[in-house]
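Visitor: Input structure: upload.txt, which contains compact mmCIF, C-alpha atoms.
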```txt
# COMPACT_ATOMS: atom_id res chain seq x y z
CA MET A 1 -166.84 206.61 205.47
CA SER A 2 -167.12 210.21 204.29
CA HIS A 3 -164.45 211.53 201.94
CA ASN A 4 -163.88 215.20 201.22
CA ILE A 5 -162.92 215.35 197.54
CA SER A 6 -161.64 218.77 196.51
CA ILE A 7 -162.65 219.84 193.00
CA GLN A 8 -160.93 222.26 190.65
CA LYS A 9 -162.75 222.59 187.33
CA VAL A 10 -161.45 223.83 183.99
CA THR A 11 -162.63 227.25 182.87
CA GLU A 12 -163.79 225.93 179.49
CA SER A 13 -164.53 222.35 178.43
CA LYS A 14 -163.05 220.79 175.27
CA VAL A 15 -166.12 218.60 174.74
CA SER A 16 -167.59 220.88 172.06
CA ASN A 17 -164.60 219.99 169.84
CA ILE A 18 -165.45 216.26 169.87
CA ASP A 19 -167.22 214.47 167.03
CA PHE A 20 -168.89 211.57 168.86
CA ASN A 21 -169.48 209.79 165.54
CA ASN A 22 -165.74 209.64 164.91
CA ILE A 23 -163.86 209.09 168.16
CA PRO A 24 -160.17 208.15 167.81
CA LEU A 25 -159.59 205.11 170.03
CA GLY A 26 -157.73 205.83 173.25
CA THR A 27 -156.34 209.25 172.33
CA THR A 28 -159.13 211.59 173.44
CA PHE A 29 -159.38 212.41 177.13
CA THR A 30 -161.88 214.42 179.13
CA ASP A 31 -161.25 217.68 180.94
CA HIS A 32 -160.53 216.31 184.43
CA MET A 33 -158.92 213.47 186.38
CA PHE A 34 -159.23 212.14 189.92
CA ILE A 35 -156.00 211.77 191.94
CA CYS A 36 -155.18 210.49 195.42
CA ASP A 37 -151.77 210.01 197.09
CA TYR A 38 -150.50 207.29 199.41
CA ASN A 39 -147.96 208.49 201.96
CA ASN A 40 -146.97 207.27 205.42
CA GLY A 41 -149.42 204.39 205.26
CA VAL A 42 -152.55 206.41 204.41
CA TRP A 43 -154.40 207.61 201.32
CA GLU A 44 -154.72 211.39 201.40
CA ASN A 45 -155.70 214.47 199.43
CA PRO A 46 -158.39 213.01 197.10
CA ARG A 47 -159.03 215.60 194.40
CA ILE A 48 -160.41 216.23 190.94
CA GLU A 49 -158.32 218.59 188.86
CA PRO A 50 -157.82 219.50 185.20
CA MET A 51 -156.35 216.73 183.06
CA GLY A 52 -152.63 217.27 182.75
CA MET A 53 -149.15 215.88 183.14
CA ILE A 54 -148.11 214.30 186.45
CA PRO A 55 -144.50 215.07 187.48
CA THR A 56 -142.59 211.80 187.86
CA HIS A 57 -139.10 211.22 189.23
CA PRO A 58 -136.87 209.10 186.95
CA ALA A 59 -136.42 206.68 189.86
CA ALA A 60 -140.18 206.18 190.36
CA MET A 61 -140.37 202.52 191.30
CA ALA A 62 -143.18 201.66 188.89
CA LEU A 63 -140.82 202.44 186.01
CA HIS A 64 -138.20 199.98 187.28
CA TYR A 65 -140.05 197.25 189.18
CA GLY A 66 -143.49 197.28 187.60
CA GLN A 67 -145.75 197.99 190.56
CA ALA A 68 -148.62 199.22 188.40
CA ILE A 69 -152.21 197.96 188.20
CA PHE A 70 -155.37 199.23 186.54
CA GLU A 71 -159.07 198.73 186.00
CA GLY A 72 -161.37 199.33 183.04
CA MET A 73 -165.04 200.24 183.14
CA LYS A 74 -167.62 202.36 181.35
CA ALA A 75 -170.19 205.05 182.09
CA THR A 76 -173.34 205.23 179.98
CA VAL A 77 -176.50 207.36 180.03
CA ASP A 78 -180.06 206.13 180.41
CA ALA A 79 -183.06 207.31 178.40
CA ASN A 80 -183.47 210.29 180.73
CA GLY A 81 -179.87 211.39 180.33
CA ASN A 82 -178.76 210.17 183.76
CA PRO A 83 -175.13 208.96 183.90
CA MET A 84 -174.87 205.31 184.94
CA LEU A 85 -172.04 203.09 186.23
CA PHE A 86 -171.97 199.31 185.74
CA ARG A 87 -171.05 197.33 188.89
CA PRO A 88 -168.32 199.73 190.10
CA SER A 89 -167.92 197.95 193.43
CA LYS A 90 -166.73 194.85 191.56
CA ASN A 91 -163.96 196.92 189.95
CA ALA A 92 -163.02 198.26 193.37
CA GLU A 93 -162.79 194.71 194.74
CA ARG A 94 -160.72 193.53 191.79
CA LEU A 95 -158.33 196.49 192.03
CA ASN A 96 -157.58 195.48 195.61
CA PHE A 97 -157.18 191.83 194.58
CA SER A 98 -154.58 193.00 192.05
CA ALA A 99 -152.98 195.23 194.71
CA ASP A 100 -152.58 192.21 197.01
CA ARG A 101 -150.82 190.20 194.32
CA MET A 102 -148.48 193.07 193.41
CA GLY A 103 -147.56 193.99 196.99
CA MET A 104 -149.43 197.30 196.87
CA PRO A 105 -151.78 198.91 199.42
CA HIS A 106 -155.54 198.59 199.20
CA PHE A 107 -157.45 201.63 197.98
CA PRO A 108 -160.64 202.36 199.98
CA GLU A 109 -163.48 200.85 197.98
CA ASP A 110 -165.98 203.51 199.00
CA LEU A 111 -163.58 206.25 197.88
CA PHE A 112 -163.01 204.37 194.60
CA VAL A 113 -166.76 204.46 193.88
CA GLU A 114 -167.22 208.02 195.14
CA GLY A 115 -164.31 209.26 193.03
CA LEU A 116 -165.89 207.65 189.96
CA LYS A 117 -169.28 209.19 190.71
CA GLN A 118 -167.86 212.67 191.19
CA LEU A 119 -165.68 212.50 188.07
CA VAL A 120 -168.47 211.14 185.86
CA ALA A 121 -170.92 213.73 187.19
CA ILE A 122 -168.51 216.47 186.10
CA GLU A 123 -167.73 214.80 182.75
CA GLN A 124 -171.25 213.59 181.88
CA ASN A 125 -171.35 215.65 178.68
CA TRP A 126 -168.47 213.48 177.44
CA ILE A 127 -170.59 210.31 177.46
CA PRO A 128 -171.39 209.47 173.81
CA PRO A 129 -175.13 208.92 173.29
CA MET A 130 -174.92 206.32 170.50
CA ASP A 131 -175.60 202.60 171.02
CA GLY A 132 -172.43 200.68 171.83
CA SER A 133 -170.56 203.86 172.80
CA ALA A 134 -169.64 204.91 176.33
CA LEU A 135 -167.26 206.92 178.46
CA TYR A 136 -164.37 204.56 179.17
CA LEU A 137 -162.99 204.94 182.69
CA ARG A 138 -159.44 203.96 183.59
CA PRO A 139 -158.66 203.80 187.32
CA PHE A 140 -155.01 202.90 187.96
CA MET A 141 -152.44 202.81 190.73
CA TYR A 142 -148.66 202.95 190.48
CA ALA A 143 -145.60 203.26 192.71
CA ASP A 144 -144.21 206.81 192.48
CA GLU A 145 -141.58 206.57 195.22
CA ALA A 146 -138.11 207.61 194.00
CA PHE A 147 -136.02 204.61 195.04
CA ILE A 148 -133.75 202.12 193.29
CA GLY A 149 -134.07 198.86 195.18
CA MET A 150 -136.14 195.70 195.18
CA ARG A 151 -138.90 196.13 197.74
CA ALA A 152 -142.50 197.32 197.93
CA ALA A 153 -142.77 201.05 197.48
CA THR A 154 -144.04 203.29 200.26
CA HIS A 155 -145.54 206.02 198.04
CA TYR A 156 -148.24 205.46 195.41
CA LYS A 157 -150.63 207.41 193.23
CA PHE A 158 -154.18 206.40 192.40
CA VAL A 159 -155.68 208.10 189.33
CA ILE A 160 -158.94 207.89 187.39
CA MET A 161 -159.03 209.27 183.87
CA ALA A 162 -161.75 209.07 181.26
CA SER A 163 -161.95 208.74 177.48
CA PRO A 164 -165.03 208.66 175.21
CA ALA A 165 -165.15 205.45 173.17
CA GLY A 166 -167.15 204.13 170.25
CA PRO A 167 -167.96 200.45 169.61
CA PHE A 168 -164.75 198.40 169.79
CA PHE A 169 -165.09 195.42 167.43
CA THR A 170 -167.54 195.94 164.59
CA LYS A 171 -166.69 192.78 162.66
CA ARG A 172 -166.32 189.09 163.47
CA ILE A 173 -162.81 188.34 164.66
CA LYS A 174 -160.21 185.74 163.74
CA LEU A 175 -157.87 184.31 166.38
CA TRP A 176 -154.36 182.91 166.33
CA ALA A 177 -153.85 180.10 168.87
CA GLU A 178 -150.42 180.94 170.29
CA ASN A 179 -148.17 177.92 170.95
CA LYS A 180 -144.89 179.65 171.83
CA TYR A 181 -145.56 182.72 173.95
CA ILE A 182 -147.75 182.59 177.05
CA ARG A 183 -149.96 185.15 178.76
CA ALA A 184 -149.85 183.71 182.27
CA ALA A 185 -149.02 180.67 184.38
CA SER A 186 -150.54 179.37 187.59
CA GLY A 187 -148.90 181.21 190.48
CA GLY A 188 -148.06 184.18 188.27
CA THR A 189 -149.95 187.44 187.88
CA GLY A 190 -152.60 186.32 185.38
CA GLU A 191 -155.47 186.92 187.79
CA ALA A 192 -154.28 190.47 188.47
CA LYS A 193 -154.74 193.44 186.14
CA ALA A 194 -151.04 194.18 186.29
CA ALA A 195 -149.52 196.43 183.63
CA GLY A 196 -146.75 193.90 182.96
CA ASN A 197 -149.25 191.25 181.84
CA TYR A 198 -150.20 193.46 178.92
CA ALA A 199 -146.61 194.37 178.07
CA ALA A 200 -145.80 190.67 177.70
CA ALA A 201 -148.75 190.27 175.31
CA ILE A 202 -147.77 193.03 172.90
CA ARG A 203 -145.20 191.22 170.74
CA PRO A 204 -147.18 187.99 170.21
CA THR A 205 -150.28 190.05 169.45
CA GLU A 206 -148.38 192.07 166.83
CA LEU A 207 -147.07 188.83 165.31
CA ALA A 208 -150.62 187.44 165.12
CA LYS A 209 -151.86 190.63 163.46
CA ALA A 210 -149.02 190.40 160.92
CA LYS A 211 -150.39 186.96 159.99
CA GLY A 212 -153.82 188.47 159.37
CA TYR A 213 -155.49 187.71 162.69
CA ASP A 214 -157.22 190.10 165.08
CA GLN A 215 -156.21 188.67 168.45
CA VAL A 216 -154.28 185.91 170.18
CA LEU A 217 -156.00 182.90 171.71
CA TRP A 218 -153.88 182.28 174.80
CA LEU A 219 -153.12 178.69 175.82
CA ASP A 220 -151.70 177.30 179.04
CA ALA A 221 -148.00 177.61 179.86
CA VAL A 222 -147.21 173.90 180.19
CA GLU A 223 -148.96 171.97 177.42
CA HIS A 224 -150.11 174.80 175.11
CA ASN A 225 -153.41 172.95 175.00
CA TYR A 226 -155.79 174.43 177.57
CA ILE A 227 -157.59 177.62 176.54
CA GLN A 228 -157.15 180.62 178.83
CA GLU A 229 -158.26 183.95 177.29
CA VAL A 230 -158.53 185.71 173.95
CA GLY A 231 -156.56 188.94 173.68
CA THR A 232 -157.62 190.87 176.78
CA MET A 233 -160.97 189.08 176.97
CA ASN A 234 -162.51 186.03 178.60
CA ILE A 235 -164.01 183.50 176.18
CA PHE A 236 -167.21 181.46 175.86
CA PHE A 237 -168.05 178.56 173.53
CA LYS A 238 -171.45 177.09 172.74
CA VAL A 239 -171.12 173.37 172.11
CA SER A 240 -174.09 171.00 171.69
CA GLY A 241 -176.47 173.67 172.95
CA LYS A 242 -174.54 174.38 176.17
CA PHE A 243 -172.05 177.11 177.06
CA ILE A 244 -168.60 176.45 178.44
CA THR A 245 -165.96 178.93 179.60
CA PRO A 246 -162.50 178.31 181.10
CA LYS A 247 -162.63 178.03 184.87
CA ARG A 248 -160.55 180.42 186.94
CA ASP A 249 -157.37 178.59 187.84
CA GLY A 250 -155.03 181.38 188.95
CA SER A 251 -154.09 182.43 185.42
CA ILE A 252 -157.43 183.81 184.18
CA LEU A 253 -158.76 187.25 184.99
CA ASP A 254 -162.00 187.41 186.95
CA GLY A 255 -163.76 189.44 184.28
CA ILE A 256 -166.71 191.54 185.44
CA THR A 257 -168.29 191.24 181.99
CA ARG A 258 -167.59 187.48 182.21
CA MET A 259 -169.46 187.07 185.49
CA SER A 260 -172.31 189.23 184.19
CA VAL A 261 -172.61 187.22 180.97
CA ILE A 262 -172.78 183.99 182.99
CA ASP A 263 -175.68 185.47 184.99
CA ILE A 264 -177.47 186.65 181.83
CA LEU A 265 -177.06 183.30 180.06
CA ARG A 266 -178.37 181.38 183.05
CA ASP A 267 -181.27 183.84 183.40
CA LYS A 268 -182.14 183.10 179.76
CA GLY A 269 -182.23 179.38 180.54
CA CYS A 270 -178.84 178.47 179.10
CA GLU A 271 -176.60 175.95 180.82
CA VAL A 272 -173.15 177.39 181.58
CA THR A 273 -170.23 175.33 182.86
CA GLU A 274 -166.88 176.70 184.02
CA ARG A 275 -164.22 174.07 183.36
CA ALA A 276 -160.91 173.31 181.67
CA ILE A 277 -161.27 173.45 177.86
CA THR A 278 -158.68 172.18 175.38
CA ILE A 279 -158.09 173.60 171.93
CA GLN A 280 -158.34 170.03 170.59
CA GLU A 281 -161.82 169.70 172.08
CA ILE A 282 -162.92 172.83 170.23
CA ARG A 283 -161.38 171.56 167.00
CA ASP A 284 -163.20 168.24 167.36
CA ALA A 285 -166.49 170.05 168.03
CA SER A 286 -165.97 172.09 164.88
CA ILE A 287 -165.35 168.95 162.84
CA ASP A 288 -168.39 167.07 164.14
CA GLY A 289 -170.66 170.11 163.83
CA THR A 290 -171.41 170.61 167.54
CA LEU A 291 -169.50 173.93 167.83
CA GLU A 292 -172.26 176.49 167.42
CA GLU A 293 -170.71 179.85 168.35
CA ALA A 294 -168.02 181.54 170.42
CA PHE A 295 -167.43 185.04 171.70
CA GLY A 296 -165.03 187.04 173.84
CA THR A 297 -166.21 189.22 176.72
CA GLY A 298 -164.55 192.31 178.17
CA THR A 299 -165.15 195.85 179.34
CA ALA A 300 -163.74 197.56 176.26
CA VAL A 301 -165.29 195.22 173.70
CA GLY A 302 -168.51 194.12 175.36
CA ILE A 303 -169.04 190.99 173.24
CA ALA A 304 -166.67 190.15 170.36
CA TYR A 305 -168.00 187.48 167.99
CA ILE A 306 -165.46 184.87 166.89
CA GLN A 307 -165.44 183.55 163.34
CA GLU A 308 -162.39 181.28 163.25
CA ILE A 309 -159.31 180.11 165.16
CA ALA A 310 -156.01 179.19 163.53
CA MET A 311 -153.91 176.34 165.00
CA GLY A 312 -150.84 176.77 162.85
CA GLU A 313 -151.95 175.67 159.39
CA THR A 314 -155.22 174.24 160.69
CA ILE A 315 -158.26 176.52 160.65
CA ILE A 316 -161.10 175.92 163.10
CA HIS A 317 -164.22 177.49 161.63
CA VAL A 318 -166.37 178.56 164.57
CA SER A 319 -169.45 180.16 163.02
CA ASP A 320 -170.60 182.98 160.78
CA LYS A 321 -173.34 183.97 163.22
CA SER A 322 -173.54 184.33 167.00
CA PRO A 323 -177.26 184.57 167.80
CA VAL A 324 -176.95 184.05 171.56
CA GLY A 325 -173.88 186.26 171.78
CA LEU A 326 -175.76 189.01 169.95
CA GLU A 327 -178.73 188.61 172.29
CA VAL A 328 -176.45 188.79 175.35
CA ASN A 329 -174.70 191.88 173.97
CA ASN A 330 -178.03 193.59 173.31
CA THR A 331 -179.19 192.68 176.83
CA LEU A 332 -176.03 194.08 178.40
CA ASN A 333 -176.30 197.32 176.43
CA ALA A 334 -180.00 197.65 177.23
CA ILE A 335 -179.32 197.22 180.95
CA LYS A 336 -176.52 199.78 180.81
CA THR A 337 -178.74 202.35 179.07
CA GLY A 338 -181.86 201.69 181.14
CA LYS A 339 -183.89 200.36 178.19
CA ILE A 340 -184.83 197.18 180.06
CA GLU A 341 -185.28 196.37 183.73
CA ASP A 342 -182.06 195.98 185.70
CA LYS A 343 -183.22 192.83 187.47
CA PHE A 344 -179.68 192.13 188.70
CA ASN A 345 -179.30 195.55 190.39
CA TRP A 346 -176.03 196.18 188.58
CA MET A 347 -176.43 199.83 187.64
CA ILE A 348 -175.57 202.80 189.83
CA LYS A 349 -177.26 206.04 188.82
CA ILE A 350 -175.21 209.19 189.30
CA GLU A 351 -177.18 212.18 190.47
CA ASN A 352 -176.73 215.17 188.20
CA GLN A 353 -176.49 217.51 191.17
CA LEU A 354 -173.11 215.97 192.08
CA ALA A 355 -171.58 218.06 189.33
```
Give the structure from the file, written as structure tokens.
Guide:
Amino acid sequence: MSHNISIQKVTESKVSNIDFNNIPLGTTFTDHMFICDYNNGVWENPRIEPMGMIPTHPAAMALHYGQAIFEGMKATVDANGNPMLFRPSKNAERLNFSADRMGMPHFPEDLFVEGLKQLVAIEQNWIPPMDGSALYLRPFMYADEAFIGMRAATHYKFVIMASPAGPFFTKRIKLWAENKYIRAASGGTGEAKAAGNYAAAIRPTELAKAKGYDQVLWLDAVEHNYIQEVGTMNIFFKVSGKFITPKRDGSILDGITRMSVIDILRDKGCEVTERAITIQEIRDASIDGTLEEAFGTGTAVGIAYIQEIAMGETIIHVSDKSPVGLEVNNTLNAIKTGKIEDKFNWMIKIENQLA
């Protein structure tokens, strides 16, 4: 399907004011944003315009009933300076999976990808060139109908904004295994990237940080025993030479980095099993010396190496090194920057002439 995206550019870019070696996390935004409106059952008026405020009625339904979903992805540049996107169609699919769960309309997947391409082509000078850095892209959709009442909205906005980002975690991280609060339960919204999932995680995460930990290790809602995710990441463990990661059971996000890491590990000859994993199993593996390494995977972080996990007063020492995790991270970054062959056909090159 062909989409006519109207484009209004700023008269002067702010990019010359940015120090790419010192990027404040999540507070710097590019010059433009992509917007599309849903009215009368159709998406209309796709456009790129200068970054700015969006007028919102106080009764906008997203503010009252939480119909809001988002995606996260990154644009990088290859050795020739070409902007690149990593598996954008998977983000488009997942956005619509989230939309289904939250009672929201699908967004056309081809328009999702085309909007990203056009925006990144315009903002390509905002992509940091350093290893581990990228232009973070945040597509999101929310209900902007002015109505107080419990039903699906009939008006929505879809927006893509962009923010340059440096490496996320630069040190090994320590986790707090949470045994009171939960992230998600089977039948809930854990598989969706719904805004409310993250709101519910804020207080327990702040409590964990107050104890000296970097992130929460989320456990299941019933027994507080089965491992789900770590912070906003999926998680992998290497035990007795083999990798295990929690299987998707309705409460775990289908991470695009997760699925890519599984492919990379298997391509490198590693055995990877998706199954239920208990915190006690990981503790036992630490005690008997078979726990070799663990890492979180996510769009923002890439790979985050895990040093230890606290179960109350008990400390599970994971490892001080993550050799396979480091190799996977380097492979991912090299694919994203065109330094090695993209044998999986994950990368989409954006033609400079789009801008």
Visitor: Taking all listed atoms of stretch 40-56 of chain A, build the axis-aligned box, pad each of the six sides by 8 Å, then write its centre and edge lengths in Å to one decimal as lines of an AutoDock Vina configuration file.
Guide:
```
center_x = -151.5
center_y = 211.9
center_z = 194.1
size_x = 33.8
size_y = 31.1
size_z = 38.7
```
Visitor: When you look at stretch 289-299 of chain A with a cut-off of 6 Å (counting all atoms listed in the file), what residues show up, excluding the ones that are within fewer than 5 positions of it in the same chain? I need them as JSON, numbers by chain.
Guide: {"A": [73, 233, 234, 235, 236, 237, 238, 239, 240, 257, 258, 304, 305, 306, 318, 319, 322]}
Visitor: Create the file for the chosen residues now, containing C-alpha atoms and written as a short mmCIF file (atom, residue, chain, number, x, y, z; two decimals), keeping the file's coordinate frame.
Guide:
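In the end it all went to selection.cif:
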```cif
data_model
loop_
_atom_site.label_atom_id
_atom_site.label_comp_id
_atom_site.auth_asym_id
_atom_site.auth_seq_id
_atom_site.Cartn_x
_atom_site.Cartn_y
_atom_site.Cartn_z
CA MET A 73 -165.04 200.24 183.14
CA MET A 233 -160.97 189.08 176.97
CA ASN A 234 -162.51 186.03 178.60
CA ILE A 235 -164.01 183.50 176.18
CA PHE A 236 -167.21 181.46 175.86
CA PHE A 237 -168.05 178.56 173.53
CA LYS A 238 -171.45 177.09 172.74
CA VAL A 239 -171.12 173.37 172.11
CA SER A 240 -174.09 171.00 171.69
CA THR A 257 -168.29 191.24 181.99
CA ARG A 258 -167.59 187.48 182.21
CA ALA A 304 -166.67 190.15 170.36
CA TYR A 305 -168.00 187.48 167.99
CA ILE A 306 -165.46 184.87 166.89
CA VAL A 318 -166.37 178.56 164.57
CA SER A 319 -169.45 180.16 163.02
CA SER A 322 -173.54 184.33 167.00
#
```
Visitor: In Å, rounded to a single decimal, give me how far atom CA of A:Ile287 is from atom CA of A:Gly302.
Guide: 28.3 Å
Visitor: Which one is closest to A:Lys211: A:Ala143, A:Leu265, A:Leu175, A:Met259? Count only C-alpha atoms.
Guide: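 Looking only at the distances to A:Lys211, the closest residue turns out to be A:Leu175.
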Visitor: Give me, as CSV, the closest atom pair and its distance (Å, one decimal) for every residue of stretch 189-300 of chain A within a cut-off of 7 Å of stretch 48-68 of chain A, counting only C-alpha atoms, rows sorted by chain and rising number.
Guide:
```
residue,atom,partner,partner_atom,distance
A:Ala194,CA,A:Ala68,CA,6.0
A:Ala195,CA,A:Ala68,CA,5.6
A:Gly196,CA,A:Gly66,CA,6.6
```
